[in-house]
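Colleague: Structure file upload01.cif (mmCIF, C-alpha atoms) is given on the next line.
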```
data_model
loop_
_atom_site.group_PDB
_atom_site.id
_atom_site.type_symbol
_atom_site.label_atom_id
_atom_site.label_comp_id
_atom_site.auth_asym_id
_atom_site.auth_seq_id
_atom_site.Cartn_x
_atom_site.Cartn_y
_atom_site.Cartn_z
ATOM 1 C CA MET A 1 -88.127 152.216 235.575
ATOM 2 C CA PHE A 2 -85.387 149.586 235.647
ATOM 3 C CA ILE A 3 -81.897 150.649 236.772
ATOM 4 C CA GLN A 4 -79.005 148.347 235.963
ATOM 5 C CA THR A 5 -75.885 148.237 238.099
ATOM 6 C CA GLU A 6 -72.362 147.322 237.089
ATOM 7 C CA SER A 7 -69.287 146.801 239.186
ATOM 8 C CA THR A 8 -66.217 148.912 238.454
ATOM 9 C CA PRO A 9 -62.512 148.189 238.944
ATOM 10 C CA ASN A 10 -62.827 150.274 242.118
ATOM 11 C CA PRO A 11 -64.549 148.079 244.761
ATOM 12 C CA ALA A 12 -65.793 151.195 246.583
ATOM 13 C CA THR A 13 -67.672 152.424 243.494
ATOM 14 C CA LEU A 14 -70.711 151.078 241.629
ATOM 15 C CA LYS A 15 -72.048 152.242 238.269
ATOM 16 C CA PHE A 16 -75.813 152.781 237.951
ATOM 17 C CA LEU A 17 -77.449 152.873 234.497
ATOM 18 C CA PRO A 18 -80.943 154.409 234.663
ATOM 19 C CA GLY A 19 -81.697 153.645 231.003
ATOM 20 C CA GLN A 20 -81.910 157.307 230.036
ATOM 21 C CA THR A 21 -79.653 160.310 229.563
ATOM 22 C CA VAL A 22 -78.113 161.652 232.754
ATOM 23 C CA LEU A 23 -76.084 164.506 231.200
ATOM 24 C CA GLU A 24 -76.442 165.704 227.617
ATOM 25 C CA MET A 25 -72.804 166.789 227.438
ATOM 26 C CA GLY A 26 -69.689 166.376 229.536
ATOM 27 C CA THR A 27 -69.446 165.013 233.040
ATOM 28 C CA ALA A 28 -70.068 166.244 236.582
ATOM 29 C CA ASP A 29 -67.937 165.170 239.530
ATOM 30 C CA PHE A 30 -68.932 165.527 243.174
ATOM 31 C CA PRO A 31 -66.055 164.032 245.208
ATOM 32 C CA SER A 32 -67.808 165.193 248.382
ATOM 33 C CA ALA A 33 -71.163 166.604 249.447
ATOM 34 C CA ASP A 34 -69.713 170.134 249.484
ATOM 35 C CA GLY A 35 -70.533 170.935 245.835
ATOM 36 C CA ALA A 36 -73.728 168.894 245.625
ATOM 37 C CA ALA A 37 -75.978 171.984 245.672
ATOM 38 C CA ALA A 38 -75.303 172.265 241.921
ATOM 39 C CA SER A 39 -77.297 169.063 241.399
ATOM 40 C CA PRO A 40 -80.614 167.960 242.899
ATOM 41 C CA LEU A 41 -79.706 164.334 242.084
ATOM 42 C CA ALA A 42 -76.311 164.597 243.788
ATOM 43 C CA GLU A 43 -77.969 166.137 246.867
ATOM 44 C CA ARG A 44 -80.449 163.269 246.973
ATOM 45 C CA LEU A 45 -77.664 160.683 246.713
ATOM 46 C CA PHE A 46 -75.507 162.334 249.391
ATOM 47 C CA ALA A 47 -78.532 162.177 251.708
ATOM 48 C CA VAL A 48 -78.042 158.383 251.745
ATOM 49 C CA PRO A 49 -75.753 157.582 254.721
ATOM 50 C CA GLY A 50 -72.467 156.124 253.521
ATOM 51 C CA VAL A 51 -72.334 157.866 250.120
ATOM 52 C CA GLU A 52 -68.978 159.631 249.776
ATOM 53 C CA GLY A 53 -68.790 160.520 246.074
ATOM 54 C CA VAL A 54 -71.071 160.951 243.059
ATOM 55 C CA PHE A 55 -70.135 161.199 239.377
ATOM 56 C CA PHE A 56 -72.390 161.710 236.333
ATOM 57 C CA GLY A 57 -71.624 160.670 232.773
ATOM 58 C CA HIS A 58 -73.800 160.744 229.669
ATOM 59 C CA ASP A 59 -75.928 157.730 230.615
ATOM 60 C CA PHE A 60 -74.666 156.647 234.018
ATOM 61 C CA VAL A 61 -74.239 157.610 237.661
ATOM 62 C CA THR A 62 -71.358 156.263 239.715
ATOM 63 C CA VAL A 63 -71.508 156.273 243.483
ATOM 64 C CA THR A 64 -68.567 155.807 245.826
ATOM 65 C CA LYS A 65 -69.262 154.457 249.294
ATOM 66 C CA ALA A 66 -67.508 154.755 252.633
ATOM 67 C CA ASP A 67 -65.164 151.869 253.413
ATOM 68 C CA THR A 68 -67.206 151.009 256.507
ATOM 69 C CA MET A 69 -70.401 150.431 254.485
ATOM 70 C CA GLU A 70 -71.467 147.348 252.547
ATOM 71 C CA TRP A 71 -73.086 147.528 249.084
ATOM 72 C CA ASP A 72 -75.814 145.134 250.224
ATOM 73 C CA HIS A 73 -77.052 147.812 252.640
ATOM 74 C CA LEU A 74 -76.464 150.869 250.429
ATOM 75 C CA LYS A 75 -77.585 149.684 247.011
ATOM 76 C CA PRO A 76 -81.370 149.621 247.660
ATOM 77 C CA ALA A 77 -81.339 153.174 249.060
ATOM 78 C CA ILE A 78 -79.261 154.454 246.132
ATOM 79 C CA LEU A 79 -81.508 152.746 243.578
ATOM 80 C CA GLY A 80 -84.519 154.297 245.311
ATOM 81 C CA ALA A 81 -82.956 157.780 245.290
ATOM 82 C CA ILE A 82 -82.106 157.573 241.574
ATOM 83 C CA MET A 83 -85.557 156.238 240.692
ATOM 84 C CA GLU A 84 -87.357 158.894 242.755
ATOM 85 C CA HIS A 85 -85.282 161.624 241.157
ATOM 86 C CA PHE A 86 -85.979 160.630 237.553
ATOM 87 C CA GLN A 87 -89.672 160.013 238.253
ATOM 88 C CA SER A 88 -89.974 163.454 239.866
ATOM 89 C CA GLY A 89 -89.002 165.171 236.622
ATOM 90 C CA ALA A 90 -86.444 167.350 238.439
ATOM 91 C CA PRO A 91 -83.304 168.271 236.480
ATOM 92 C CA VAL A 92 -80.038 166.469 237.155
ATOM 93 C CA MET A 93 -78.177 169.792 237.349
ATOM 94 C CA ALA A 94 -79.615 172.935 238.972
ATOM 95 C CA GLY A 95 -80.438 175.979 236.840
ATOM 96 C CA ASP A 96 -78.488 176.246 233.614
ATOM 97 C CA VAL A 97 -75.453 174.467 235.028
ATOM 98 C CA GLY A 98 -74.445 171.595 232.770
ATOM 99 C CA GLY A 99 -71.644 169.082 232.641
ATOM 100 C CA SER A 100 -68.160 170.206 231.746
ATOM 101 C CA SER A 101 -65.730 168.904 229.143
ATOM 102 C CA GLY A 102 -63.365 168.597 232.063
ATOM 103 C CA HIS A 103 -60.173 169.612 230.283
ATOM 104 C CA ALA A 104 -58.192 172.505 231.713
ATOM 105 C CA GLU A 105 -57.397 175.362 229.363
ATOM 106 C CA HIS A 106 -53.814 175.668 228.194
ATOM 107 C CA SER A 107 -52.157 178.573 226.467
ATOM 108 C CA GLY A 108 -48.564 178.866 225.464
ATOM 109 C CA GLU A 109 -45.951 177.436 223.211
ATOM 110 C CA ASP A 110 -47.074 173.825 223.705
ATOM 111 C CA GLY A 111 -50.572 174.482 222.354
ATOM 112 C CA GLU A 112 -50.305 172.027 219.453
ATOM 113 C CA ILE A 113 -48.976 169.248 221.702
ATOM 114 C CA VAL A 114 -51.744 169.898 224.241
ATOM 115 C CA ASN A 115 -54.374 169.730 221.483
ATOM 116 C CA GLN A 116 -52.960 166.333 220.415
ATOM 117 C CA ILE A 117 -53.039 165.119 224.037
ATOM 118 C CA LYS A 118 -56.664 166.217 224.477
ATOM 119 C CA GLU A 119 -57.657 164.604 221.171
ATOM 120 C CA LEU A 120 -56.115 161.264 222.158
ATOM 121 C CA LEU A 121 -57.742 161.443 225.588
ATOM 122 C CA ASP A 122 -61.152 162.196 224.040
ATOM 123 C CA SER A 123 -60.966 159.586 221.285
ATOM 124 C CA ARG A 124 -59.102 156.689 222.937
ATOM 125 C CA VAL A 125 -59.009 157.021 226.718
ATOM 126 C CA ARG A 126 -62.198 158.665 227.961
ATOM 127 C CA PRO A 127 -64.645 156.307 226.203
ATOM 128 C CA ALA A 128 -62.886 153.285 227.734
ATOM 129 C CA VAL A 129 -62.739 154.868 231.181
ATOM 130 C CA ALA A 130 -66.446 155.804 230.980
ATOM 131 C CA GLN A 131 -67.202 152.102 230.577
ATOM 132 C CA ASP A 132 -65.743 151.690 234.069
ATOM 133 C CA GLY A 133 -67.804 154.574 235.474
ATOM 134 C CA GLY A 134 -65.203 157.313 235.535
ATOM 135 C CA ASP A 135 -63.389 159.973 233.593
ATOM 136 C CA ILE A 136 -59.841 161.229 233.103
ATOM 137 C CA THR A 137 -59.284 164.843 232.098
ATOM 138 C CA PHE A 138 -56.313 166.931 231.059
ATOM 139 C CA HIS A 139 -55.006 169.188 233.821
ATOM 140 C CA GLY A 140 -51.664 170.425 232.485
ATOM 141 C CA PHE A 141 -48.521 169.843 230.456
ATOM 142 C CA GLU A 142 -45.092 170.983 231.563
ATOM 143 C CA ARG A 143 -41.609 169.899 230.409
ATOM 144 C CA GLY A 144 -42.837 166.610 228.945
ATOM 145 C CA VAL A 145 -45.068 165.683 231.890
ATOM 146 C CA VAL A 146 -48.827 165.350 231.346
ATOM 147 C CA TYR A 147 -50.949 165.945 234.449
ATOM 148 C CA LEU A 148 -54.323 164.183 234.463
ATOM 149 C CA HIS A 149 -57.273 164.384 236.853
ATOM 150 C CA MET A 150 -59.080 161.138 237.645
ATOM 151 C CA GLN A 151 -62.794 161.262 238.503
ATOM 152 C CA GLY A 152 -65.640 158.950 239.418
ATOM 153 C CA ALA A 153 -64.687 155.292 239.716
ATOM 154 C CA CYS A 154 -61.116 156.167 238.671
ATOM 155 C CA ALA A 155 -60.455 158.334 241.714
ATOM 156 C CA GLY A 156 -58.984 156.096 244.371
ATOM 157 C CA CYS A 157 -59.183 152.966 242.235
ATOM 158 C CA PRO A 158 -56.489 150.414 243.081
ATOM 159 C CA SER A 159 -55.697 149.893 239.384
ATOM 160 C CA SER A 160 -55.621 153.614 238.479
ATOM 161 C CA THR A 161 -51.826 153.921 238.799
ATOM 162 C CA LEU A 162 -51.347 150.946 236.484
ATOM 163 C CA THR A 163 -53.872 152.415 234.026
ATOM 164 C CA LEU A 164 -52.027 155.738 234.033
ATOM 165 C CA LYS A 165 -48.521 154.352 233.700
ATOM 166 C CA MET A 166 -48.962 151.290 231.506
ATOM 167 C CA GLY A 167 -51.939 152.381 229.464
ATOM 168 C CA ILE A 168 -52.271 156.128 229.077
ATOM 169 C CA GLU A 169 -48.584 157.019 229.400
ATOM 170 C CA ASN A 170 -47.579 154.413 226.809
ATOM 171 C CA LEU A 171 -50.333 155.569 224.433
ATOM 172 C CA LEU A 172 -49.394 159.249 224.694
ATOM 173 C CA ARG A 173 -45.649 158.547 224.401
ATOM 174 C CA HIS A 174 -46.269 156.422 221.296
ATOM 175 C CA TYR A 175 -48.195 159.128 219.441
ATOM 176 C CA ILE A 176 -46.565 162.241 220.921
ATOM 177 C CA PRO A 177 -42.775 161.949 221.349
ATOM 178 C CA GLU A 178 -42.666 165.126 223.472
ATOM 179 C CA VAL A 179 -44.539 163.318 226.261
ATOM 180 C CA THR A 180 -42.162 161.682 228.742
ATOM 181 C CA GLU A 181 -44.414 160.931 231.710
ATOM 182 C CA VAL A 182 -48.004 160.996 232.979
ATOM 183 C CA ARG A 183 -48.861 161.951 236.569
ATOM 184 C CA PRO A 184 -52.180 162.138 238.437
ATOM 185 C CA VAL A 185 -53.294 165.338 240.179
ATOM 186 C CA ALA A 186 -55.896 165.940 242.850
ATOM 187 C CA VAL A 187 -58.004 169.009 242.237
#
```
Is it possible to give me this structure as structure tokens?

Modeller:
Amino acid sequence: MFIQTESTPNPATLKFLPGQTVLEMGTADFPSADGAAASPLAERLFAVPGVEGVFFGHDFVTVTKADTMEWDHLKPAILGAIMEHFQSGAPVMAGDVGGSSGHAEHSGEDGEIVNQIKELLDSRVRPAVAQDGGDITFHGFERGVVYLHMQGACAGCPSSTLTLKMGIENLLRHYIPEVTEVRPVAV
């Protein structure tokens, strides 16, 4: 098994490509070891000292390290953990837990606007962000403000504010006049 690695715009996060499907659908975000019991692979990765976050996409795993650690020391252990996991035949997610679409539900008078926002996120934003090892999901819409949740390499990335304001906000405002601003949320 050969696992490729790619840097991301976030220097604390690396993207690992195992050459096979990680999640059939959706994504799974583990910003800390607390929720890792839902995934045998996440548990294995959090067992590596210095791993602070794990994120799964369709065909990639992103790992966020502690600021005090160097990739030269962490990378071999992470590669070994990913390789051991896939060779063991164990599932990525425990039981029948799968990835989630990530978008929050929204009901109310702005339903059509929210559907347009989600469609633009799914078709234009999320594929580009996945290339960088992360995900951005809809969290809410209120009085013209779109609230988005950043995951994986996007969470804590130095360029995430610029991406939100100059990229996503401009895109949404162009196609949906009711959108006035985009703000990040921490879940």

Colleague: Since I can't run it myself right now, could you work out what the PyMOL selection byres ((chain A and resi 62) around 7) selects here and report it as an mmCIF file with C-alpha atoms, in the coordinates of the input?

Modeller:
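Written out: part-v5.cif:
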```
data_model
loop_
_atom_site.group_PDB
_atom_site.id
_atom_site.type_symbol
_atom_site.label_atom_id
_atom_site.label_comp_id
_atom_site.auth_asym_id
_atom_site.auth_seq_id
_atom_site.Cartn_x
_atom_site.Cartn_y
_atom_site.Cartn_z
ATOM 1 C CA THR A 13 -67.672 152.424 243.494
ATOM 2 C CA LEU A 14 -70.711 151.078 241.629
ATOM 3 C CA LYS A 15 -72.048 152.242 238.269
ATOM 4 C CA PHE A 16 -75.813 152.781 237.951
ATOM 5 C CA VAL A 54 -71.071 160.951 243.059
ATOM 6 C CA PHE A 55 -70.135 161.199 239.377
ATOM 7 C CA PHE A 56 -72.390 161.710 236.333
ATOM 8 C CA PHE A 60 -74.666 156.647 234.018
ATOM 9 C CA VAL A 61 -74.239 157.610 237.661
ATOM 10 C CA VAL A 63 -71.508 156.273 243.483
ATOM 11 C CA THR A 64 -68.567 155.807 245.826
ATOM 12 C CA GLY A 133 -67.804 154.574 235.474
ATOM 13 C CA GLY A 152 -65.640 158.950 239.418
ATOM 14 C CA ALA A 153 -64.687 155.292 239.716
#
```

Colleague: Do you know which residues the PyMOL selection byres ((chain A and resi 119-132) around 8) returns on this file, as a PyMOL selection string?

Modeller: chain A and resi 7-9+15+57+115-118+133-138+153-154+168+172

Colleague: Using only C-alpha atoms - which residues lie no farther than 12 Å from the point (-42.2, 163.7, 221.1) in the file's frame? Write them as an MDAnalysis selection string.

Modeller: chainID A and resid 110 112:114 116:117 143:145 171:181

Colleague: Can you list, as a ChimeraX atom specification, the residues that the PyMOL selection byres ((chain A and resi 35-45) around 6) selects here?

Modeller: /A:33-34,46-48,92-94

Colleague: How many Å separate atom CA of Pro158 of chain A from atom CA of Arg183 of chain A?

Modeller: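 Interatomic distance, atom CA of Pro158 of chain A to atom CA of Arg183 of chain A: 15.3 Å.
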
Colleague: At what distance in Å, to one decimal, does atom CA of Thr161 of chain A lie from atom CA of Trp71 of chain A?

Modeller: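 About the pair atom CA of Trp71 of chain A and atom CA of Thr161 of chain A: they are 24.5 Å apart.
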
Colleague: Could you check which residues have any atom within 9 Å of (-76.4, 152.0, 248.5), counting only C-alpha atoms with coordinates taken straight from the file, and then list them as a PyMOL selection string?

Modeller: chain A and resi 14+45+48-51+63+65+69-79

Colleague: Taking all atoms listed in the file into account, name the residue in A:Ile3, A:Met150, A:Ile82, A:Ala90 that is nearest to Thr27 of chain A.

Modeller: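 So, comparing all the options, the nearest one is A:Met150.
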
Colleague: Measuring atom to atom with all atoms listed in the file, identify which of A:Gln4, A:Glu109, A:Glu52, A:Ser32 is nearest to Glu142 of chain A.

Modeller: A:Glu109

Colleague: Could you tell me how far atom CA of Gly53 of chain A sits from atom CA of Leu148 of chain A, in Å to one decimal place?

Modeller: 18.9 Å

Colleague: Measuring atom to atom with only C-alpha atoms, identify which of A:Met83, A:Gly111, A:Met1, A:Ala12 is nearest to Gly156 of chain A.

Modeller: A:Ala12

Colleague: Could you check the closest approach to His139 of chain A for each of A:Pro184, A:Pro31, A:Gly80, A:Gly108 and tell me which residue wins, using only C-alpha atoms?

Modeller: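 Checking each of A:Pro184, A:Pro31, A:Gly80, A:Gly108 against His139 of chain A, counting only C-alpha atoms, the winner is A:Pro184.
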